[in-house]
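Structure file model-v4.cif (mmCIF, C-alpha atoms and all ligand atoms) is printed below.
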```cif
data_protein
loop_
_atom_site.label_atom_id
_atom_site.label_comp_id
_atom_site.auth_asym_id
_atom_site.auth_seq_id
_atom_site.Cartn_x
_atom_site.Cartn_y
_atom_site.Cartn_z
CA MET A 1 46.58 159.19 41.54
CA GLU A 2 45.16 162.10 39.60
CA LYS A 3 41.82 162.78 37.93
CA LYS A 4 42.11 163.45 34.19
CA GLU A 5 39.07 163.91 31.95
CA GLN A 6 35.52 163.00 33.02
CA LEU A 7 34.43 159.83 31.21
CA TYR A 8 30.84 159.58 32.40
CA GLU A 9 28.23 161.10 34.65
CA GLY A 10 25.41 158.88 35.86
CA LYS A 11 22.55 159.47 38.24
CA ALA A 12 24.62 158.90 41.38
CA LYS A 13 28.27 158.87 40.27
CA LYS A 14 30.85 160.48 38.06
CA VAL A 15 33.73 158.50 36.56
CA TRP A 16 37.10 160.07 35.76
CA ALA A 17 40.05 158.80 33.74
CA THR A 18 43.49 158.61 35.36
CA GLU A 19 47.02 158.45 33.96
CA ASN A 20 46.66 154.65 34.02
CA PRO A 21 44.35 153.36 31.23
CA ASP A 22 43.28 150.39 33.41
CA ILE A 23 42.23 152.54 36.40
CA VAL A 24 39.37 155.04 36.78
CA ILE A 25 38.22 157.14 39.72
CA VAL A 26 34.59 156.90 40.84
CA ASP A 27 33.18 160.00 42.52
CA TYR A 28 29.94 159.48 44.49
CA LYS A 29 27.28 162.24 44.49
CA ASP A 30 24.43 162.96 46.91
CA ASP A 31 21.91 163.01 44.03
CA ALA A 32 19.15 160.42 44.30
CA THR A 33 16.65 159.29 41.70
CA ALA A 34 13.93 156.69 41.65
CA PHE A 35 11.54 155.19 39.12
CA ASN A 36 14.04 155.52 36.29
CA GLY A 37 14.82 159.14 37.05
CA LEU A 38 11.19 160.30 37.39
CA LYS A 39 11.66 161.18 41.06
CA LYS A 40 14.67 163.34 41.85
CA GLY A 41 16.17 164.54 45.11
CA THR A 42 19.24 164.78 47.29
CA ILE A 43 20.21 162.66 50.25
CA ALA A 44 22.74 164.68 52.27
CA GLY A 45 25.92 162.70 52.85
CA LYS A 46 24.79 159.77 50.71
CA GLY A 47 27.87 159.91 48.48
CA VAL A 48 30.14 159.39 51.47
CA VAL A 49 28.00 156.55 52.86
CA ASN A 50 27.80 154.72 49.55
CA ASN A 51 31.48 155.13 48.77
CA LYS A 52 32.71 153.90 52.14
CA MET A 53 30.13 151.16 52.60
CA SER A 54 30.60 149.79 49.10
CA ASN A 55 34.37 149.67 49.59
CA TYR A 56 34.01 147.99 52.97
CA LEU A 57 31.69 145.31 51.55
CA MET A 58 33.86 144.74 48.48
CA ARG A 59 36.84 144.12 50.77
CA ILE A 60 34.81 141.52 52.71
CA LEU A 61 33.86 139.86 49.41
CA GLU A 62 37.45 139.89 48.12
CA LYS A 63 38.51 138.03 51.28
CA LYS A 64 35.88 135.41 50.47
CA GLY A 65 37.26 134.94 46.97
CA ILE A 66 34.94 137.21 44.94
CA PRO A 67 36.99 139.37 42.54
CA THR A 68 35.86 143.03 42.56
CA HIS A 69 36.82 146.27 40.82
CA PHE A 70 38.00 147.83 44.11
CA ILE A 71 41.57 149.17 44.24
CA GLU A 72 41.87 151.99 46.78
CA GLU A 73 39.70 154.50 48.64
CA LEU A 74 41.10 157.94 47.83
CA SER A 75 38.80 160.20 49.85
CA ASP A 76 35.34 160.25 51.46
CA ARG A 77 33.69 160.25 48.05
CA GLU A 78 36.35 158.96 45.66
CA THR A 79 37.67 155.49 44.94
CA ALA A 80 40.12 154.12 42.42
CA VAL A 81 38.68 151.08 40.67
CA LYS A 82 39.65 148.81 37.80
CA LYS A 83 38.35 150.12 34.49
CA VAL A 84 35.78 147.65 33.18
CA THR A 85 33.29 147.24 30.40
CA ILE A 86 30.01 146.81 32.23
CA ILE A 87 27.96 143.76 31.24
CA PRO A 88 24.61 145.48 30.52
CA LEU A 89 22.62 143.49 33.09
CA GLU A 90 21.32 144.42 36.51
CA VAL A 91 21.59 141.21 38.49
CA ILE A 92 19.02 141.10 41.28
CA ILE A 93 18.94 138.59 44.11
CA ARG A 94 15.89 138.38 46.36
CA ASN A 95 15.63 136.67 49.76
CA ARG A 96 12.25 138.12 50.73
CA ALA A 97 9.48 139.74 48.67
CA ALA A 98 9.69 143.53 48.32
CA GLY A 99 9.53 146.15 45.61
CA SER A 100 8.81 145.32 41.99
CA ILE A 101 8.29 141.57 42.49
CA CYS A 102 5.36 142.28 44.82
CA LYS A 103 3.65 144.32 42.12
CA ARG A 104 4.52 141.89 39.33
CA LEU A 105 3.41 138.72 41.12
CA GLY A 106 0.87 140.11 43.59
CA LEU A 107 2.95 139.09 46.60
CA GLU A 108 2.67 140.58 50.04
CA GLU A 109 5.73 142.58 51.06
CA GLY A 110 7.85 140.58 53.47
CA MET A 111 6.89 137.12 52.19
CA ASP A 112 9.88 134.86 52.87
CA PHE A 113 11.09 132.93 49.84
CA VAL A 114 11.74 129.19 49.97
CA CYS A 115 15.15 129.91 48.46
CA PRO A 116 16.85 132.99 47.01
CA SER A 117 15.95 133.94 43.42
CA ILE A 118 17.89 135.71 40.69
CA GLU A 119 16.69 137.90 37.87
CA PHE A 120 18.20 140.10 35.17
CA SER A 121 17.19 143.52 33.91
CA TYR A 122 18.62 144.80 30.65
CA LYS A 123 20.40 148.08 31.42
CA ASP A 124 18.66 150.57 29.13
CA ASP A 125 17.21 153.75 30.64
CA GLU A 126 15.03 154.48 27.59
CA LEU A 127 13.35 151.09 27.93
CA GLY A 128 13.17 151.39 31.73
CA ASP A 129 15.59 148.49 32.40
CA PRO A 130 13.21 145.70 31.32
CA LEU A 131 13.23 142.29 32.97
CA ILE A 132 14.84 139.65 30.72
CA ASN A 133 16.03 136.09 31.19
CA GLY A 134 19.44 134.54 30.63
CA TYR A 135 18.42 133.26 27.18
CA HIS A 136 17.50 136.78 26.01
CA ALA A 137 20.83 138.05 27.34
CA VAL A 138 22.71 135.49 25.21
CA SER A 139 20.41 135.51 22.12
CA CYS A 140 20.51 139.30 21.89
CA GLY A 141 24.28 139.30 22.23
CA PHE A 142 24.32 141.31 25.47
CA THR A 143 26.65 138.72 26.99
CA THR A 144 27.69 135.08 26.56
CA GLN A 145 26.35 131.91 28.18
CA GLU A 146 29.66 131.45 29.96
CA GLU A 147 29.38 134.95 31.44
CA VAL A 148 25.76 134.40 32.48
CA ASP A 149 26.83 131.24 34.32
CA THR A 150 29.77 133.00 36.01
CA VAL A 151 27.70 135.99 37.05
CA LYS A 152 24.92 133.80 38.49
CA LYS A 153 27.37 131.78 40.55
CA MET A 154 29.14 134.89 41.81
CA ALA A 155 25.86 136.64 42.68
CA PHE A 156 24.63 133.73 44.82
CA THR A 157 28.00 133.58 46.61
CA VAL A 158 27.78 137.35 47.25
CA ASN A 159 24.33 136.70 48.75
CA ASP A 160 25.65 133.98 51.06
CA VAL A 161 28.50 136.18 52.30
CA LEU A 162 26.51 139.40 52.70
CA LYS A 163 23.41 137.77 54.25
CA GLU A 164 25.60 136.28 56.98
CA TYR A 165 27.56 139.51 57.50
CA PHE A 166 24.47 141.74 57.74
CA ALA A 167 22.72 139.31 60.10
CA SER A 168 25.74 139.69 62.41
CA ILE A 169 25.00 143.45 62.67
CA GLY A 170 21.25 143.04 63.14
CA VAL A 171 20.24 143.66 59.54
CA GLU A 172 18.29 141.42 57.19
CA LEU A 173 19.38 141.56 53.55
CA ILE A 174 16.05 141.53 51.71
CA ASP A 175 17.29 141.96 48.13
CA PHE A 176 20.00 143.72 46.15
CA LYS A 177 21.25 144.61 42.69
CA LEU A 178 24.73 143.85 41.38
CA GLU A 179 26.58 144.81 38.22
CA PHE A 180 29.55 142.99 36.77
CA GLY A 181 32.27 144.18 34.43
CA LYS A 182 35.06 142.83 32.26
CA THR A 183 38.61 144.08 32.79
CA SER A 184 41.11 144.61 29.98
CA ASP A 185 42.40 141.05 30.48
CA GLY A 186 38.85 139.66 30.04
CA SER A 187 38.21 138.60 33.63
CA ILE A 188 34.82 139.24 35.22
CA VAL A 189 34.72 141.29 38.42
CA LEU A 190 31.99 142.63 40.65
CA ALA A 191 31.64 146.34 39.80
CA ASP A 192 29.39 149.36 40.49
CA GLU A 193 28.38 149.68 44.17
CA ILE A 194 26.78 147.84 47.08
CA SER A 195 25.00 150.37 49.28
CA PRO A 196 21.64 151.41 50.73
CA ASP A 197 20.86 152.67 47.19
CA THR A 198 21.21 149.19 45.73
CA CYS A 199 20.12 146.90 48.58
CA ARG A 200 17.05 146.61 50.78
CA PHE A 201 18.05 146.44 54.44
CA TRP A 202 15.52 145.77 57.22
CA ASP A 203 16.22 145.81 60.92
CA ILE A 204 16.24 142.12 61.81
CA GLU A 205 13.85 142.56 64.78
CA THR A 206 11.54 145.48 63.90
CA HIS A 207 11.70 145.23 60.07
CA GLU A 208 12.27 149.00 59.95
CA LYS A 209 13.52 149.97 56.49
CA LEU A 210 17.14 151.19 56.49
CA ASP A 211 17.65 151.88 52.77
CA LYS A 212 16.59 153.93 49.75
CA ASP A 213 12.98 152.73 49.97
CA ARG A 214 12.58 155.55 52.54
CA PHE A 215 13.30 158.00 49.67
CA ARG A 216 11.40 156.06 46.98
CA ARG A 217 8.25 155.90 49.10
CA ASP A 218 8.53 159.23 50.97
CA LEU A 219 8.77 157.50 54.35
CA GLY A 220 10.94 160.23 55.92
CA GLY A 221 14.11 159.64 57.93
CA VAL A 222 16.15 158.98 54.79
CA GLU A 223 19.48 160.43 55.99
CA ALA A 224 18.96 158.85 59.43
CA ALA A 225 18.58 155.41 57.83
CA TYR A 226 21.83 155.80 55.83
CA THR A 227 23.60 157.00 59.00
CA GLU A 228 22.23 154.09 61.03
CA MET A 229 23.57 151.62 58.45
CA MET A 230 27.00 153.27 58.61
CA LYS A 231 26.97 152.97 62.41
CA ARG A 232 26.05 149.30 62.26
CA VAL A 233 28.79 148.59 59.75
CA GLY A 234 31.16 150.43 62.13
CA LEU A 235 32.18 153.19 59.72
CA TYR A 236 30.64 156.09 61.77
P1 LIG B 301 13.08 146.25 42.65
O1 LIG B 301 12.28 145.53 43.69
O2 LIG B 301 12.62 147.67 42.43
O3 LIG B 301 13.17 145.49 41.38
O4 LIG B 301 14.57 146.37 43.22
C1 LIG B 301 15.31 145.23 43.59
C2 LIG B 301 16.63 145.66 44.22
O5 LIG B 301 17.46 146.31 43.27
C3 LIG B 301 16.48 146.64 45.37
O6 LIG B 301 17.37 146.28 46.40
C4 LIG B 301 16.85 147.97 44.81
C5 LIG B 301 17.81 147.63 43.70
N1 LIG B 301 17.69 148.52 42.54
C6 LIG B 301 18.79 149.24 42.12
O7 LIG B 301 19.86 149.17 42.71
N2 LIG B 301 18.65 150.03 41.01
C7 LIG B 301 17.49 150.15 40.32
O8 LIG B 301 17.43 150.89 39.34
C8 LIG B 301 16.36 149.38 40.76
C9 LIG B 301 15.06 149.46 40.03
C10 LIG B 301 16.51 148.58 41.87
N1 LIG B 302 18.09 153.58 39.47
C1 LIG B 302 16.72 153.97 39.75
C2 LIG B 302 16.46 155.29 39.01
O1 LIG B 302 16.77 155.56 38.11
C3 LIG B 302 16.53 154.24 41.14
C4 LIG B 302 16.10 153.16 42.07
O2 LIG B 302 14.91 152.85 42.19
O3 LIG B 302 16.95 152.71 42.78
O4 LIG B 302 15.89 156.25 39.14
#
```
Can the structure in the file be given as structure tokens, please?
Ligand code: TMP
Ligand code: ASP
Amino acid sequence: MEKKEQLYEGKAKKVWATENPDIVIVDYKDDATAFNGLKKGTIAGKGVVNNKMSNYLMRILEKKGIPTHFIEELSDRETAVKKVTIIPLEVIIRNRAAGSICKRLGLEEGMDFVCPSIEFSYKDDELGDPLINGYHAVSCGFTTQEEVDTVKKMAFTVNDVLKEYFASIGVELIDFKLEFGKTSDGSIVLADEISPDTCRFWDIETHEKLDKDRFRRDLGGVEAAYTEMMKRVGLY
């Protein structure tokens, strides 16, 4: 498979066209941003970690019946994926309080939730990805009710599968963000990435943070945390 023209460059990835109109190549960078691009930096080797970990997790999810965009890992940083139109929602599942929900609701970090919760942010950098509900998503025409229902169901199943998998390698899945896309035949698949950039991972015993919060909050040991997660997943 060959890279043709570049279709898009985001904060952490580039996307290239291929000779097949239904397939694109994702190319993961080491660039890191936080707070809607306000904080910028580099995490050495992050592109490799995120590419390989995301592919590994998508394969686990495929085996459990979740359709994903994954086709084939081409190199350390490049993967062929199904070309999709991204549904403009960040779908966030939370198992324990951390990050923005603590600020918004005055919760103490680490509070265990009675049950997992789901929320949507409207993907718009200029607006800072504002929190919306499923009604807004349908009323504003960002997606349809049927798609909201499908995405919700898939996201909770992803949570069940990944929570169990990460627990088996000594990691608690605190929260994560998913994106979904529509393929040319109209089916909805899990897209984007699942990585330490898009999940909060805590060591199950010590609660040490093993994800991008180390970069967001200047905690140090950023690369070491990404490497530790790769070791636990068995990819290093
Ligand atoms: P939050 O607590 O900042 O809302 O983040 C919830 C989860 O979503 C967390 O695991 C990090 C992830 N996330 C992204 O992947 N991209 C983003 O732009 C943001 C804000 C969060
Ligand atoms: N996507 C966010 C940003 O733009 C980063 C994050 O907090 O994960 O900068």
Exercise: Ala167 in chain A partners within 12 Å, all atoms listed in the file, chain neighbours under 4 positions left out, as a compact mmCIF listing (two decimals) with C-alpha atoms, in the frame of the given file:
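Output below, filename selection_5.txt:
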```
# COMPACT_ATOMS: atom_id res chain seq x y z
CA ASN A 159 24.33 136.70 48.75
CA ASP A 160 25.65 133.98 51.06
CA VAL A 161 28.50 136.18 52.30
CA LEU A 162 26.51 139.40 52.70
CA LYS A 163 23.41 137.77 54.25
CA VAL A 171 20.24 143.66 59.54
CA GLU A 172 18.29 141.42 57.19
CA LEU A 173 19.38 141.56 53.55
CA ILE A 174 16.05 141.53 51.71
CA PHE A 201 18.05 146.44 54.44
CA TRP A 202 15.52 145.77 57.22
CA ASP A 203 16.22 145.81 60.92
CA ILE A 204 16.24 142.12 61.81
CA GLU A 205 13.85 142.56 64.78
CA ARG A 232 26.05 149.30 62.26
CA VAL A 233 28.79 148.59 59.75
```
Test item: residues lying within 6 Å of ligand LIG 302 (chain B) with only C-alpha atoms and all ligand atoms, as a tab-separated table (two decimals) with C-alpha atoms, in the frame of the given file:
```
chain	number	residue	atom	x	y	z
A	33	THR	CA	16.65	159.29	41.70
A	34	ALA	CA	13.93	156.69	41.65
A	35	PHE	CA	11.54	155.19	39.12
A	36	ASN	CA	14.04	155.52	36.29
A	37	GLY	CA	14.82	159.14	37.05
A	197	ASP	CA	20.86	152.67	47.19
```
As JSON, please report the centre and edge lengths, rounded to one decimal in Å, of the axis-aligned box that holds all listed atoms of ligand LIG 301 (chain B) with 3 Å of padding on each of the six sides.
```
{"center_x": 16.1, "center_y": 148.1, "center_z": 42.9, "size_x": 13.6, "size_y": 11.7, "size_z": 13.1}
```
All residues 12 Å or closer to Cys115 in chain A, all atoms listed in the file, same chain fewer than 4 positions away omitted, as a PDB file with C-alpha atoms, keeping the file's coordinate frame:
```pdb
ATOM      1  CA  ILE A  93      18.940 138.590  44.110  1.00  0.00           C
ATOM      2  CA  ARG A  94      15.890 138.380  46.360  1.00  0.00           C
ATOM      3  CA  ASN A  95      15.630 136.670  49.760  1.00  0.00           C
ATOM      4  CA  ARG A  96      12.250 138.120  50.730  1.00  0.00           C
ATOM      5  CA  ALA A  97       9.480 139.740  48.670  1.00  0.00           C
ATOM      6  CA  MET A 111       6.890 137.120  52.190  1.00  0.00           C
ATOM      7  CA  PHE A 156      24.630 133.730  44.820  1.00  0.00           C
ATOM      8  CA  ASN A 159      24.330 136.700  48.750  1.00  0.00           C
ATOM      9  CA  ASP A 160      25.650 133.980  51.060  1.00  0.00           C
TER      10      ASP A 160
END
```
Exercise for the section: Could you tell me, counting all atoms listed in the file, which protein and nucleic acid residues lie no more than 10 Å from ligand LIG 301 (chain B), written as an MDAnalysis selection string? Expected result: chainID A and resid 33:37 90:94 97:104 119:121 123 125 128:131 173:179 192:201 211:213 216
Exercise for the section: Would you mind reading off the distance between CA of Lys82 in chain A and CA of Thr183 in chain A, one decimal, in Å? Expected result: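 These two atoms are separated by 7.0 Å.
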Exercise for the section: Record the distance separating CA of Leu89 in chain A and CA of Ile71 in chain A, expressed in Å with one decimal. Expected result: 22.7 Å
Handout entry: Near-Lys4 in chain A list (9 Å; all atoms listed in the file; drop same-chain fewer than 4 positions) as a list in words
Key =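 Selected residues are Trp16, Ala17, Thr18 and Glu19 of chain A.
Comparing A:Ile23, A:Val158, A:Ile43, A:Val84 by their smallest distance to Leu61 in chain A, the closest is A:Val158 (using all atoms listed in the file).
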Problem - Selection as a VMD selection string: residues within 8 Å of (32.5, 145.4, 39.5), counting only C-alpha atoms - result: chain A and resid 68 to 70 84 86 179 to 181 188 to 193
Problem - Contact residues around Val148 in chain A with all atoms listed in the file at 12 Å, ignoring same-chain residues under 2 positions, as a count of residues only - result: 31
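Between CA of Ile25 in chain A and CA of Gly186 in chain A there is a distance of 20.0 Å.
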Practice task
Identify the residues within 10 Å of coordinate (19.6, 159.5, 56.9) (same frame as the file), considering all atoms listed in the file, and give the answer as a VMD selection string.
Solution key: chain A and resid 43 to 46 49 210 to 212 214 to 215 220 to 230
Writing out the chosen residues with C-alpha atoms as a short mmCIF file (atom, residue, chain, number, x, y, z; two decimals), in the frame of the given file:
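The result, stored in part_9.cif:
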```cif
data_model
loop_
_atom_site.label_atom_id
_atom_site.label_comp_id
_atom_site.auth_asym_id
_atom_site.auth_seq_id
_atom_site.Cartn_x
_atom_site.Cartn_y
_atom_site.Cartn_z
CA ILE A 43 20.21 162.66 50.25
CA ALA A 44 22.74 164.68 52.27
CA GLY A 45 25.92 162.70 52.85
CA LYS A 46 24.79 159.77 50.71
CA VAL A 49 28.00 156.55 52.86
CA LEU A 210 17.14 151.19 56.49
CA ASP A 211 17.65 151.88 52.77
CA LYS A 212 16.59 153.93 49.75
CA ARG A 214 12.58 155.55 52.54
CA PHE A 215 13.30 158.00 49.67
CA GLY A 220 10.94 160.23 55.92
CA GLY A 221 14.11 159.64 57.93
CA VAL A 222 16.15 158.98 54.79
CA GLU A 223 19.48 160.43 55.99
CA ALA A 224 18.96 158.85 59.43
CA ALA A 225 18.58 155.41 57.83
CA TYR A 226 21.83 155.80 55.83
CA THR A 227 23.60 157.00 59.00
CA GLU A 228 22.23 154.09 61.03
CA MET A 229 23.57 151.62 58.45
CA MET A 230 27.00 153.27 58.61
#
```
Handout entry: Shortest interatomic distance to Leu235 in chain A - which of A:Asn50, A:Gln6, A:Thr42, A:Asn20, counting all atoms listed in the file
Key = A:Asn50
Could you add whatever atoms are missing so that range 51-63 of chain A carries N, CA and C atoms, then write the result as a tab-separated table (two decimals), in the frame of the given file?
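Full text of part.tsv as output:
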```
chain	number	residue	atom	x	y	z
A	51	ASN	N	30.08	155.38	49.10
A	51	ASN	CA	31.48	155.13	48.77
A	51	ASN	C	32.12	154.22	49.82
A	52	LYS	N	32.01	154.63	51.08
A	52	LYS	CA	32.71	153.90	52.14
A	52	LYS	C	32.10	152.53	52.39
A	53	MET	N	30.76	152.45	52.34
A	53	MET	CA	30.13	151.16	52.60
A	53	MET	C	30.42	150.18	51.47
A	54	SER	N	30.33	150.66	50.25
A	54	SER	CA	30.60	149.79	49.10
A	54	SER	C	32.03	149.24	49.17
A	55	ASN	N	32.98	150.11	49.50
A	55	ASN	CA	34.37	149.67	49.59
A	55	ASN	C	34.56	148.65	50.70
A	56	TYR	N	33.91	148.91	51.83
A	56	TYR	CA	34.01	147.99	52.97
A	56	TYR	C	33.47	146.60	52.58
A	57	LEU	N	32.31	146.60	51.92
A	57	LEU	CA	31.69	145.31	51.55
A	57	LEU	C	32.49	144.60	50.47
A	58	MET	N	33.05	145.37	49.54
A	58	MET	CA	33.86	144.74	48.48
A	58	MET	C	35.10	144.08	49.08
A	59	ARG	N	35.67	144.72	50.13
A	59	ARG	CA	36.84	144.12	50.77
A	59	ARG	C	36.46	142.80	51.46
A	60	ILE	N	35.28	142.78	52.09
A	60	ILE	CA	34.81	141.52	52.71
A	60	ILE	C	34.68	140.45	51.62
A	61	LEU	N	34.09	140.83	50.49
A	61	LEU	CA	33.86	139.86	49.41
A	61	LEU	C	35.17	139.37	48.81
A	62	GLU	N	36.13	140.28	48.64
A	62	GLU	CA	37.45	139.89	48.12
A	62	GLU	C	38.07	138.81	49.01
A	63	LYS	N	37.94	139.01	50.33
A	63	LYS	CA	38.51	138.03	51.28
A	63	LYS	C	37.85	136.68	51.13
```
